[in-house]
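Asker: As input, take run-v9.pdb (PDB, C-alpha atoms, pLDDT in the B column):
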```pdb
ATOM      1  CA  MET A   1    -146.428 -32.031 186.041  1.00 59.00           C
ATOM      2  CA  ASN A   2    -150.057 -32.338 187.003  1.00 82.00           C
ATOM      3  CA  ARG A   3    -152.126 -35.377 186.183  1.00 81.00           C
ATOM      4  CA  VAL A   4    -155.830 -34.652 186.061  1.00 83.00           C
ATOM      5  CA  GLU A   5    -158.780 -37.017 185.873  1.00 81.00           C
ATOM      6  CA  TYR A   6    -162.027 -35.729 184.440  1.00 83.00           C
ATOM      7  CA  PRO A   7    -165.352 -37.555 184.710  1.00 80.00           C
ATOM      8  CA  VAL A   8    -167.068 -38.252 181.410  1.00 87.00           C
ATOM      9  CA  HIS A   9    -170.064 -35.980 181.164  1.00 83.00           C
ATOM     10  CA  PHE A  10    -172.348 -34.276 178.670  1.00 87.00           C
ATOM     11  CA  PHE A  11    -171.577 -30.712 177.604  1.00 92.00           C
ATOM     12  CA  SER A  12    -174.557 -28.660 176.481  1.00 92.00           C
ATOM     13  CA  GLU A  13    -174.479 -26.270 173.546  1.00 92.00           C
ATOM     14  CA  ASN A  14    -174.354 -23.266 175.896  1.00 93.00           C
ATOM     15  CA  GLN A  15    -171.479 -24.770 177.894  1.00 93.00           C
ATOM     16  CA  ILE A  16    -169.477 -25.427 174.753  1.00 93.00           C
ATOM     17  CA  LYS A  17    -170.089 -21.926 173.400  1.00 93.00           C
ATOM     18  CA  ASN A  18    -169.074 -20.436 176.772  1.00 92.00           C
ATOM     19  CA  ILE A  19    -165.869 -22.473 176.706  1.00 91.00           C
ATOM     20  CA  PHE A  20    -164.910 -20.993 173.351  1.00 92.00           C
ATOM     21  CA  ASN A  21    -166.046 -17.482 174.263  1.00 88.00           C
ATOM     22  CA  GLN A  22    -164.016 -17.204 177.457  1.00 84.00           C
ATOM     23  CA  ARG A  23    -161.123 -14.770 177.396  1.00 79.00           C
ATOM     24  CA  ARG A  24    -157.661 -16.349 177.417  1.00 81.00           C
ATOM     25  CA  GLU A  25    -154.272 -14.796 177.966  1.00 81.00           C
ATOM     26  CA  ALA A  26    -152.668 -17.112 175.400  1.00 86.00           C
ATOM     27  CA  PRO A  27    -153.737 -19.761 172.870  1.00 91.00           C
ATOM     28  CA  VAL A  28    -154.630 -23.147 174.324  1.00 94.00           C
ATOM     29  CA  ILE A  29    -152.922 -26.100 172.678  1.00 95.00           C
ATOM     30  CA  ILE A  30    -153.876 -29.678 173.451  1.00 96.00           C
ATOM     31  CA  GLU A  31    -151.689 -32.475 172.149  1.00 97.00           C
ATOM     32  CA  ILE A  32    -153.329 -35.865 171.751  1.00 97.00           C
ATOM     33  CA  LEU A  33    -150.899 -38.736 171.532  1.00 97.00           C
ATOM     34  CA  GLY A  34    -150.863 -42.437 172.186  1.00 96.00           C
ATOM     35  CA  THR A  35    -151.073 -45.928 170.800  1.00 95.00           C
ATOM     36  CA  PRO A  36    -152.146 -46.227 167.151  1.00 92.00           C
ATOM     37  CA  ASN A  37    -155.779 -47.410 166.885  1.00 92.00           C
ATOM     38  CA  SER A  38    -156.604 -46.190 170.387  1.00 94.00           C
ATOM     39  CA  GLY A  39    -159.363 -43.895 169.069  1.00 93.00           C
ATOM     40  CA  LYS A  40    -157.619 -40.541 168.681  1.00 95.00           C
ATOM     41  CA  THR A  41    -158.477 -39.648 165.085  1.00 94.00           C
ATOM     42  CA  THR A  42    -162.055 -40.911 165.243  1.00 93.00           C
ATOM     43  CA  SER A  43    -162.697 -38.864 168.372  1.00 96.00           C
ATOM     44  CA  LEU A  44    -161.158 -35.732 166.847  1.00 96.00           C
ATOM     45  CA  ASN A  45    -163.472 -36.133 163.873  1.00 96.00           C
ATOM     46  CA  LYS A  46    -166.463 -36.239 166.228  1.00 96.00           C
ATOM     47  CA  PHE A  47    -165.144 -33.264 168.198  1.00 96.00           C
ATOM     48  CA  GLU A  48    -164.949 -31.231 165.004  1.00 96.00           C
ATOM     49  CA  VAL A  49    -168.468 -32.271 163.973  1.00 96.00           C
ATOM     50  CA  ILE A  50    -169.780 -30.903 167.278  1.00 96.00           C
ATOM     51  CA  LEU A  51    -168.000 -27.573 166.851  1.00 95.00           C
ATOM     52  CA  ARG A  52    -169.284 -27.158 163.300  1.00 95.00           C
ATOM     53  CA  ARG A  53    -172.821 -27.971 164.417  1.00 94.00           C
ATOM     54  CA  PHE A  54    -172.661 -25.116 166.938  1.00 94.00           C
ATOM     55  CA  ASN A  55    -171.037 -22.702 164.438  1.00 94.00           C
ATOM     56  CA  ILE A  56    -167.816 -22.396 166.434  1.00 93.00           C
ATOM     57  CA  ASN A  57    -164.976 -21.128 164.261  1.00 89.00           C
ATOM     58  CA  ASN A  58    -162.027 -19.945 166.353  1.00 88.00           C
ATOM     59  CA  TYR A  59    -160.266 -23.281 166.570  1.00 94.00           C
ATOM     60  CA  LYS A  60    -157.889 -25.446 164.579  1.00 95.00           C
ATOM     61  CA  ILE A  61    -157.604 -29.212 164.585  1.00 97.00           C
ATOM     62  CA  LEU A  62    -154.238 -30.397 163.338  1.00 96.00           C
ATOM     63  CA  TYR A  63    -154.638 -34.003 162.320  1.00 95.00           C
ATOM     64  CA  GLU A  64    -151.602 -36.250 162.146  1.00 93.00           C
ATOM     65  CA  ALA A  65    -149.053 -34.483 159.940  1.00 93.00           C
ATOM     66  CA  GLY A  66    -147.694 -37.795 158.714  1.00 87.00           C
ATOM     67  CA  ASN A  67    -150.686 -38.135 156.387  1.00 85.00           C
ATOM     68  CA  GLY A  68    -148.980 -35.626 154.098  1.00 88.00           C
ATOM     69  CA  CYS A  69    -145.396 -36.731 154.620  1.00 93.00           C
ATOM     70  CA  PRO A  70    -143.473 -37.463 151.389  1.00 94.00           C
ATOM     71  CA  ILE A  71    -141.145 -39.875 153.212  1.00 94.00           C
ATOM     72  CA  LYS A  72    -142.530 -43.354 152.598  1.00 91.00           C
ATOM     73  CA  ASP A  73    -140.847 -45.285 155.407  1.00 92.00           C
ATOM     74  CA  LYS A  74    -143.017 -44.557 158.452  1.00 91.00           C
ATOM     75  CA  PHE A  75    -140.510 -46.175 160.809  1.00 92.00           C
ATOM     76  CA  SER A  76    -137.653 -43.961 159.639  1.00 95.00           C
ATOM     77  CA  PRO A  77    -136.289 -41.327 162.038  1.00 96.00           C
ATOM     78  CA  ARG A  78    -136.496 -38.886 159.136  1.00 96.00           C
ATOM     79  CA  TYR A  79    -140.243 -39.549 158.815  1.00 96.00           C
ATOM     80  CA  ASN A  80    -140.968 -38.705 162.443  1.00 95.00           C
ATOM     81  CA  PHE A  81    -138.640 -35.719 162.507  1.00 96.00           C
ATOM     82  CA  TRP A  82    -140.442 -34.384 159.416  1.00 97.00           C
ATOM     83  CA  THR A  83    -143.864 -34.874 161.028  1.00 96.00           C
ATOM     84  CA  ALA A  84    -142.747 -33.218 164.284  1.00 96.00           C
ATOM     85  CA  CYS A  85    -141.373 -30.181 162.431  1.00 96.00           C
ATOM     86  CA  GLU A  86    -144.465 -29.979 160.222  1.00 96.00           C
ATOM     87  CA  THR A  87    -146.689 -30.029 163.307  1.00 96.00           C
ATOM     88  CA  ILE A  88    -144.666 -27.296 164.995  1.00 96.00           C
ATOM     89  CA  LYS A  89    -144.873 -25.219 161.800  1.00 96.00           C
ATOM     90  CA  ASN A  90    -148.650 -25.665 161.635  1.00 96.00           C
ATOM     91  CA  VAL A  91    -149.060 -24.747 165.298  1.00 96.00           C
ATOM     92  CA  LEU A  92    -147.007 -21.558 164.908  1.00 96.00           C
ATOM     93  CA  GLU A  93    -148.921 -20.560 161.775  1.00 96.00           C
ATOM     94  CA  SER A  94    -152.247 -21.144 163.560  1.00 96.00           C
ATOM     95  CA  ILE A  95    -151.177 -18.987 166.503  1.00 95.00           C
ATOM     96  CA  ASP A  96    -150.000 -16.231 164.174  1.00 95.00           C
ATOM     97  CA  SER A  97    -153.367 -16.241 162.409  1.00 94.00           C
ATOM     98  CA  GLY A  98    -155.147 -15.584 165.715  1.00 92.00           C
ATOM     99  CA  ILE A  99    -156.478 -19.064 166.484  1.00 93.00           C
ATOM    100  CA  GLU A 100    -157.113 -19.403 170.236  1.00 91.00           C
ATOM    101  CA  VAL A 101    -157.791 -23.155 170.520  1.00 95.00           C
ATOM    102  CA  ILE A 102    -155.575 -25.707 168.786  1.00 96.00           C
ATOM    103  CA  VAL A 103    -155.994 -29.454 169.153  1.00 97.00           C
ATOM    104  CA  CYS A 104    -153.020 -31.314 167.765  1.00 96.00           C
ATOM    105  CA  GLU A 105    -152.847 -35.007 166.949  1.00 96.00           C
ATOM    106  CA  ARG A 106    -149.267 -36.060 167.707  1.00 95.00           C
ATOM    107  CA  GLY A 107    -146.801 -33.301 168.565  1.00 94.00           C
ATOM    108  CA  ILE A 108    -143.557 -32.855 170.448  1.00 95.00           C
ATOM    109  CA  TYR A 109    -144.320 -35.408 173.160  1.00 96.00           C
ATOM    110  CA  ASP A 110    -145.179 -38.059 170.600  1.00 97.00           C
ATOM    111  CA  ALA A 111    -141.891 -37.162 168.886  1.00 97.00           C
ATOM    112  CA  ILE A 112    -140.044 -37.821 172.155  1.00 97.00           C
ATOM    113  CA  CYS A 113    -141.615 -41.297 172.265  1.00 97.00           C
ATOM    114  CA  TRP A 114    -140.298 -42.067 168.804  1.00 97.00           C
ATOM    115  CA  ALA A 115    -136.858 -40.689 169.655  1.00 98.00           C
ATOM    116  CA  LEU A 116    -136.772 -43.111 172.609  1.00 98.00           C
ATOM    117  CA  ILE A 117    -137.634 -45.981 170.266  1.00 97.00           C
ATOM    118  CA  TYR A 118    -134.997 -45.015 167.702  1.00 97.00           C
ATOM    119  CA  PHE A 119    -132.309 -44.761 170.364  1.00 98.00           C
ATOM    120  CA  GLU A 120    -133.235 -48.137 171.840  1.00 96.00           C
ATOM    121  CA  GLU A 121    -133.171 -49.673 168.352  1.00 96.00           C
ATOM    122  CA  LYS A 122    -129.766 -48.069 167.667  1.00 97.00           C
ATOM    123  CA  MET A 123    -131.203 -46.180 164.716  1.00 97.00           C
ATOM    124  CA  ILE A 124    -129.783 -42.974 166.200  1.00 97.00           C
ATOM    125  CA  ASP A 125    -126.766 -42.605 168.476  1.00 98.00           C
ATOM    126  CA  LEU A 126    -126.601 -40.974 171.904  1.00 98.00           C
ATOM    127  CA  ASN A 127    -125.579 -37.562 170.578  1.00 98.00           C
ATOM    128  CA  GLN A 128    -128.427 -37.563 168.068  1.00 97.00           C
ATOM    129  CA  PHE A 129    -130.891 -38.653 170.750  1.00 97.00           C
ATOM    130  CA  LYS A 130    -129.755 -35.878 173.081  1.00 97.00           C
ATOM    131  CA  ALA A 131    -129.966 -33.329 170.253  1.00 97.00           C
ATOM    132  CA  LEU A 132    -133.548 -34.379 169.442  1.00 97.00           C
ATOM    133  CA  LEU A 133    -134.532 -34.358 173.096  1.00 96.00           C
ATOM    134  CA  ASN A 134    -133.020 -30.900 173.584  1.00 96.00           C
ATOM    135  CA  PHE A 135    -134.861 -29.597 170.535  1.00 96.00           C
ATOM    136  CA  TYR A 136    -138.249 -30.990 171.591  1.00 95.00           C
ATOM    137  CA  SER A 137    -137.655 -29.730 175.144  1.00 91.00           C
ATOM    138  CA  LEU A 138    -136.982 -26.117 174.189  1.00 93.00           C
ATOM    139  CA  ASP A 139    -138.988 -23.704 176.323  1.00 90.00           C
ATOM    140  CA  ILE A 140    -140.532 -22.173 173.213  1.00 91.00           C
ATOM    141  CA  TRP A 141    -142.296 -25.503 172.529  1.00 90.00           C
ATOM    142  CA  GLN A 142    -142.828 -26.616 176.122  1.00 86.00           C
ATOM    143  CA  ASN A 143    -144.599 -23.345 176.890  1.00 87.00           C
ATOM    144  CA  LEU A 144    -147.040 -24.045 174.064  1.00 90.00           C
ATOM    145  CA  PHE A 145    -147.886 -27.714 174.613  1.00 89.00           C
ATOM    146  CA  LYS A 146    -149.204 -27.539 178.171  1.00 87.00           C
ATOM    147  CA  TYR A 147    -152.197 -29.840 177.844  1.00 93.00           C
ATOM    148  CA  LEU A 148    -151.651 -33.500 176.984  1.00 95.00           C
ATOM    149  CA  LEU A 149    -154.260 -36.147 176.392  1.00 96.00           C
ATOM    150  CA  ILE A 150    -152.537 -39.522 176.421  1.00 96.00           C
ATOM    151  CA  VAL A 151    -154.659 -42.271 174.883  1.00 96.00           C
ATOM    152  CA  LYS A 152    -153.329 -45.786 175.218  1.00 96.00           C
ATOM    153  CA  CYS A 153    -154.493 -49.224 174.187  1.00 95.00           C
ATOM    154  CA  GLU A 154    -153.128 -52.731 174.673  1.00 96.00           C
ATOM    155  CA  VAL A 155    -151.274 -54.075 171.654  1.00 94.00           C
ATOM    156  CA  ASN A 156    -153.528 -57.033 170.865  1.00 91.00           C
ATOM    157  CA  GLU A 157    -156.647 -54.858 170.967  1.00 92.00           C
ATOM    158  CA  ALA A 158    -155.048 -52.236 168.701  1.00 90.00           C
ATOM    159  CA  ILE A 159    -154.243 -54.925 166.140  1.00 88.00           C
ATOM    160  CA  GLU A 160    -157.748 -56.405 166.383  1.00 87.00           C
ATOM    161  CA  ARG A 161    -159.222 -52.969 165.708  1.00 84.00           C
ATOM    162  CA  GLU A 162    -157.095 -52.720 162.583  1.00 80.00           C
ATOM    163  CA  LYS A 163    -158.551 -56.011 161.384  1.00 76.00           C
ATOM    164  CA  SER A 164    -162.123 -55.141 162.351  1.00 69.00           C
ATOM    165  CA  ASN A 165    -161.890 -51.943 160.312  1.00 59.00           C
ATOM    166  CA  GLY A 166    -161.846 -54.156 157.247  1.00 57.00           C
ATOM    167  CA  LEU A 167    -158.153 -53.697 156.600  1.00 54.00           C
ATOM    168  CA  ILE A 168    -155.853 -56.443 155.413  1.00 54.00           C
ATOM    169  CA  GLU A 169    -154.686 -59.225 157.710  1.00 59.00           C
ATOM    170  CA  LYS A 170    -151.027 -58.561 157.004  1.00 63.00           C
ATOM    171  CA  GLU A 171    -149.347 -56.480 159.697  1.00 66.00           C
ATOM    172  CA  GLY A 172    -148.238 -53.009 158.718  1.00 72.00           C
ATOM    173  CA  LYS A 173    -145.000 -51.129 159.235  1.00 75.00           C
ATOM    174  CA  ILE A 174    -146.309 -49.565 162.444  1.00 85.00           C
ATOM    175  CA  VAL A 175    -149.411 -51.536 163.452  1.00 85.00           C
ATOM    176  CA  ASN A 176    -147.714 -54.764 164.441  1.00 89.00           C
ATOM    177  CA  ASN A 177    -146.904 -56.442 167.729  1.00 91.00           C
ATOM    178  CA  ILE A 178    -143.256 -55.394 167.844  1.00 93.00           C
ATOM    179  CA  VAL A 179    -143.611 -51.691 167.044  1.00 93.00           C
ATOM    180  CA  LEU A 180    -146.769 -51.164 169.110  1.00 95.00           C
ATOM    181  CA  SER A 181    -145.110 -52.826 172.102  1.00 96.00           C
ATOM    182  CA  LYS A 182    -142.110 -50.531 171.718  1.00 96.00           C
ATOM    183  CA  TYR A 183    -144.365 -47.480 171.445  1.00 97.00           C
ATOM    184  CA  ASN A 184    -146.340 -48.360 174.573  1.00 97.00           C
ATOM    185  CA  LYS A 185    -143.059 -48.885 176.422  1.00 97.00           C
ATOM    186  CA  ALA A 186    -141.830 -45.471 175.243  1.00 97.00           C
ATOM    187  CA  LEU A 187    -145.142 -43.935 176.316  1.00 96.00           C
ATOM    188  CA  LYS A 188    -144.617 -45.237 179.859  1.00 95.00           C
ATOM    189  CA  CYS A 189    -141.081 -43.822 179.851  1.00 96.00           C
ATOM    190  CA  LEU A 190    -142.387 -40.450 178.655  1.00 95.00           C
ATOM    191  CA  ILE A 191    -144.892 -40.289 181.501  1.00 93.00           C
ATOM    192  CA  LYS A 192    -142.341 -41.340 184.106  1.00 92.00           C
ATOM    193  CA  LYS A 193    -139.294 -39.318 183.035  1.00 92.00           C
ATOM    194  CA  TYR A 194    -140.147 -36.529 180.631  1.00 90.00           C
ATOM    195  CA  LEU A 195    -143.291 -34.846 181.952  1.00 86.00           C
ATOM    196  CA  LYS A 196    -141.576 -32.524 184.388  1.00 71.00           C
ATOM    197  CA  GLY A 197    -142.849 -29.107 183.384  1.00 67.00           C
ATOM    198  CA  ASP A 198    -146.168 -27.357 183.833  1.00 68.00           C
ATOM    199  CA  GLU A 199    -148.142 -29.817 181.728  1.00 74.00           C
ATOM    200  CA  ASN A 200    -151.643 -30.821 182.690  1.00 90.00           C
ATOM    201  CA  TYR A 201    -152.128 -34.314 181.391  1.00 93.00           C
ATOM    202  CA  SER A 202    -154.798 -36.961 181.404  1.00 94.00           C
ATOM    203  CA  ILE A 203    -154.386 -40.673 180.626  1.00 95.00           C
ATOM    204  CA  ILE A 204    -157.167 -42.666 179.003  1.00 95.00           C
ATOM    205  CA  ASP A 205    -156.992 -46.426 178.461  1.00 96.00           C
ATOM    206  CA  THR A 206    -159.451 -47.399 175.731  1.00 96.00           C
ATOM    207  CA  THR A 207    -158.561 -51.110 175.631  1.00 95.00           C
ATOM    208  CA  ALA A 208    -161.818 -52.345 177.165  1.00 94.00           C
ATOM    209  CA  GLN A 209    -164.037 -49.573 175.849  1.00 93.00           C
ATOM    210  CA  GLN A 210    -166.655 -49.863 173.163  1.00 91.00           C
ATOM    211  CA  TYR A 211    -166.411 -47.593 170.118  1.00 88.00           C
ATOM    212  CA  ASN A 212    -168.919 -44.973 171.312  1.00 92.00           C
ATOM    213  CA  ASP A 213    -167.563 -44.967 174.868  1.00 93.00           C
ATOM    214  CA  THR A 214    -164.081 -44.213 173.565  1.00 94.00           C
ATOM    215  CA  ILE A 215    -165.350 -41.226 171.591  1.00 94.00           C
ATOM    216  CA  LYS A 216    -167.353 -39.910 174.563  1.00 94.00           C
ATOM    217  CA  THR A 217    -164.365 -40.219 176.908  1.00 95.00           C
ATOM    218  CA  ILE A 218    -161.861 -38.502 174.629  1.00 95.00           C
ATOM    219  CA  VAL A 219    -164.196 -35.707 173.477  1.00 96.00           C
ATOM    220  CA  SER A 220    -165.349 -35.065 177.055  1.00 95.00           C
ATOM    221  CA  ASN A 221    -161.708 -34.792 178.184  1.00 94.00           C
ATOM    222  CA  ILE A 222    -160.930 -32.281 175.438  1.00 95.00           C
ATOM    223  CA  PHE A 223    -163.823 -30.075 176.519  1.00 95.00           C
ATOM    224  CA  SER A 224    -162.783 -30.440 180.173  1.00 93.00           C
ATOM    225  CA  PHE A 225    -159.245 -29.302 179.353  1.00 93.00           C
ATOM    226  CA  LEU A 226    -160.620 -26.287 177.509  1.00 93.00           C
ATOM    227  CA  GLU A 227    -163.043 -25.476 180.306  1.00 91.00           C
ATOM    228  CA  SER A 228    -160.191 -25.471 182.834  1.00 88.00           C
ATOM    229  CA  SER A 229    -157.912 -23.249 180.706  1.00 85.00           C
ATOM    230  CA  LYS A 230    -157.777 -19.515 181.247  1.00 65.00           C
TER     231      LYS A 230
END
```
Starting from the file, give its structure as structure tokens.
Answerer:
Amino acid sequence: MNRVEYPVHFFSENQIKNIFNQRREAPVIIEILGTPNSGKTTSLNKFEVILRRFNINNYKILYEAGNGCPIKDKFSPRYNFWTACETIKNVLESIDSGIEVIVCERGIYDAICWALIYFEEKMIDLNQFKALLNFYSLDIWQNLFKYLLIVKCEVNEAIEREKSNGLIEKEGKIVNNIVLSKYNKALKCLIKKYLKGDENYSIIDTTAQQYNDTIKTIVSNIFSFLESSK
């Protein structure tokens, strides 16, 4: 476990192209996880815009798999197990197709957070929790997801962002005080107890950041992870 802290800085076109042209022994996979409405998806969109502008092609951005999940109840253990398996499937397919850089929104470490929540809520029993944890902790996955970008945000700010986006006042199934509080608690537990391998991880708190600052911080960290990978 190795926590890294990267300064936010500007990457030139040449630097970015050099990052993607460097020779790597294995594909680089970055998992981005964290509090809903912390800025993950928006920043990934901007990251992809930059790569397209510079005609960089050998990458894959796997946005949250739950967007295509047929299971309607987003708080169901089945929903999150489906999304975790779908993400793993998409990662393996990307590797097999020769993609060298994969940035994944929510993966196995996010799945561990949800397993912690389900166990605490007695939605799964101890044996089921251990089985999920053993599955997500298999070496075949752990050896892939070695770069983690953990983006967190205080609950009240996350809810305010939901409202400021022009969405309805009524709290959702996930974006509400209770569930977000449980997720942030699980995120702390993940960092303290379950990051014990060779992961390089960075933690970003976007609570007090303005919109553009959040994007700059997250995108800069992604490039810094890639620059440090060999």
Asker: When you look at Val155 of chain A with a cut-off of 8 Å (counting all atoms listed in the file), what residues show up, excluding the ones that are within fewer than 4 positions of it in the same chain? I need them as a list of chain:residue names.
Answerer: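 Near neighbours after the sequence-gap exclusion: A:Ile159, A:Asn177, A:Leu180, A:Ser181.
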Asker: What does the PyMOL selection byres ((chain A and resi 48) around 12) select in this file, as a PyMOL selection string?
Answerer: chain A and resi 41-47+49-63+102-103+215+219+222-223
Asker: For the point (-151.0, -41.8, 157.5) in file coordinates, what residues are within 12 Å, counting only C-alpha atoms? Give the answer as a PDB file with C-alpha atoms, in the coordinates of the input?
Answerer:
```pdb
ATOM      1  CA  PRO A  36    -152.146 -46.227 167.151  1.00 92.00           C
ATOM      2  CA  ASN A  37    -155.779 -47.410 166.885  1.00 92.00           C
ATOM      3  CA  THR A  41    -158.477 -39.648 165.085  1.00 94.00           C
ATOM      4  CA  TYR A  63    -154.638 -34.003 162.320  1.00 95.00           C
ATOM      5  CA  GLU A  64    -151.602 -36.250 162.146  1.00 93.00           C
ATOM      6  CA  ALA A  65    -149.053 -34.483 159.940  1.00 93.00           C
ATOM      7  CA  GLY A  66    -147.694 -37.795 158.714  1.00 87.00           C
ATOM      8  CA  ASN A  67    -150.686 -38.135 156.387  1.00 85.00           C
ATOM      9  CA  GLY A  68    -148.980 -35.626 154.098  1.00 88.00           C
ATOM     10  CA  CYS A  69    -145.396 -36.731 154.620  1.00 93.00           C
ATOM     11  CA  PRO A  70    -143.473 -37.463 151.389  1.00 94.00           C
ATOM     12  CA  ILE A  71    -141.145 -39.875 153.212  1.00 94.00           C
ATOM     13  CA  LYS A  72    -142.530 -43.354 152.598  1.00 91.00           C
ATOM     14  CA  ASP A  73    -140.847 -45.285 155.407  1.00 92.00           C
ATOM     15  CA  LYS A  74    -143.017 -44.557 158.452  1.00 91.00           C
ATOM     16  CA  PHE A  75    -140.510 -46.175 160.809  1.00 92.00           C
ATOM     17  CA  TYR A  79    -140.243 -39.549 158.815  1.00 96.00           C
ATOM     18  CA  ASN A  80    -140.968 -38.705 162.443  1.00 95.00           C
ATOM     19  CA  THR A  83    -143.864 -34.874 161.028  1.00 96.00           C
ATOM     20  CA  GLU A 105    -152.847 -35.007 166.949  1.00 96.00           C
ATOM     21  CA  ARG A 106    -149.267 -36.060 167.707  1.00 95.00           C
ATOM     22  CA  GLY A 172    -148.238 -53.009 158.718  1.00 72.00           C
ATOM     23  CA  LYS A 173    -145.000 -51.129 159.235  1.00 75.00           C
ATOM     24  CA  ILE A 174    -146.309 -49.565 162.444  1.00 85.00           C
ATOM     25  CA  VAL A 175    -149.411 -51.536 163.452  1.00 85.00           C
TER      26      VAL A 175
END
```
Asker: Looking at A:Leu149, A:Ala158, A:Tyr118, A:Ala84, which one is nearest to Ser224 of chain A, with distances taken over only C-alpha atoms?
Answerer: A:Leu149
Asker: Quick check on the file I pasted: which residues fall under the PyMOL selection byres ((chain A and resi 147) around 7)? Write them as a list of chain:residue names.
Answerer: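 Written out, the selection comes to A:Ile29, A:Ile30, A:Glu31, A:Phe145, A:Lys146, A:Leu148, A:Leu149, A:Glu199, A:Asn200, A:Tyr201.
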Asker: What is the atom CA of Cys113 of chain A-atom CA of Asn212 of chain A distance in Å, reported with one decimal?
Answerer: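 According to the coordinates, atom CA of Cys113 of chain A and atom CA of Asn212 of chain A are separated by 27.6 Å.
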Asker: Counting only C-alpha atoms, figure out which residue out of A:Lys196, A:Lys163, A:Lys188, A:His9 gets nearest to Gln142 of chain A.
Answerer: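 Checking each candidate against Gln142 of chain A, we get A:Lys196 as the closest.
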Asker: Counting all atoms listed in the file, which residues have an atom no more than 12 Å from (-138.5, -27.0, 176.1) in the file's coordinates? Please list them as a list in words.
Answerer: Ile108, Tyr109, Ile112, Leu132, Leu133, Asn134, Phe135, Tyr136, Ser137, Leu138, Asp139, Ile140, Trp141, Gln142, Asn143, Leu144, Phe145, Lys146, Tyr194, Leu195, Lys196, Gly197, Asp198 and Glu199 of chain A
Asker: In Å, with one decimal, what is the gap from atom CA of Ile218 of chain A to atom CA of Ser12 of chain A?
Answerer: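 That distance, rounded to one decimal, is 16.2 Å.
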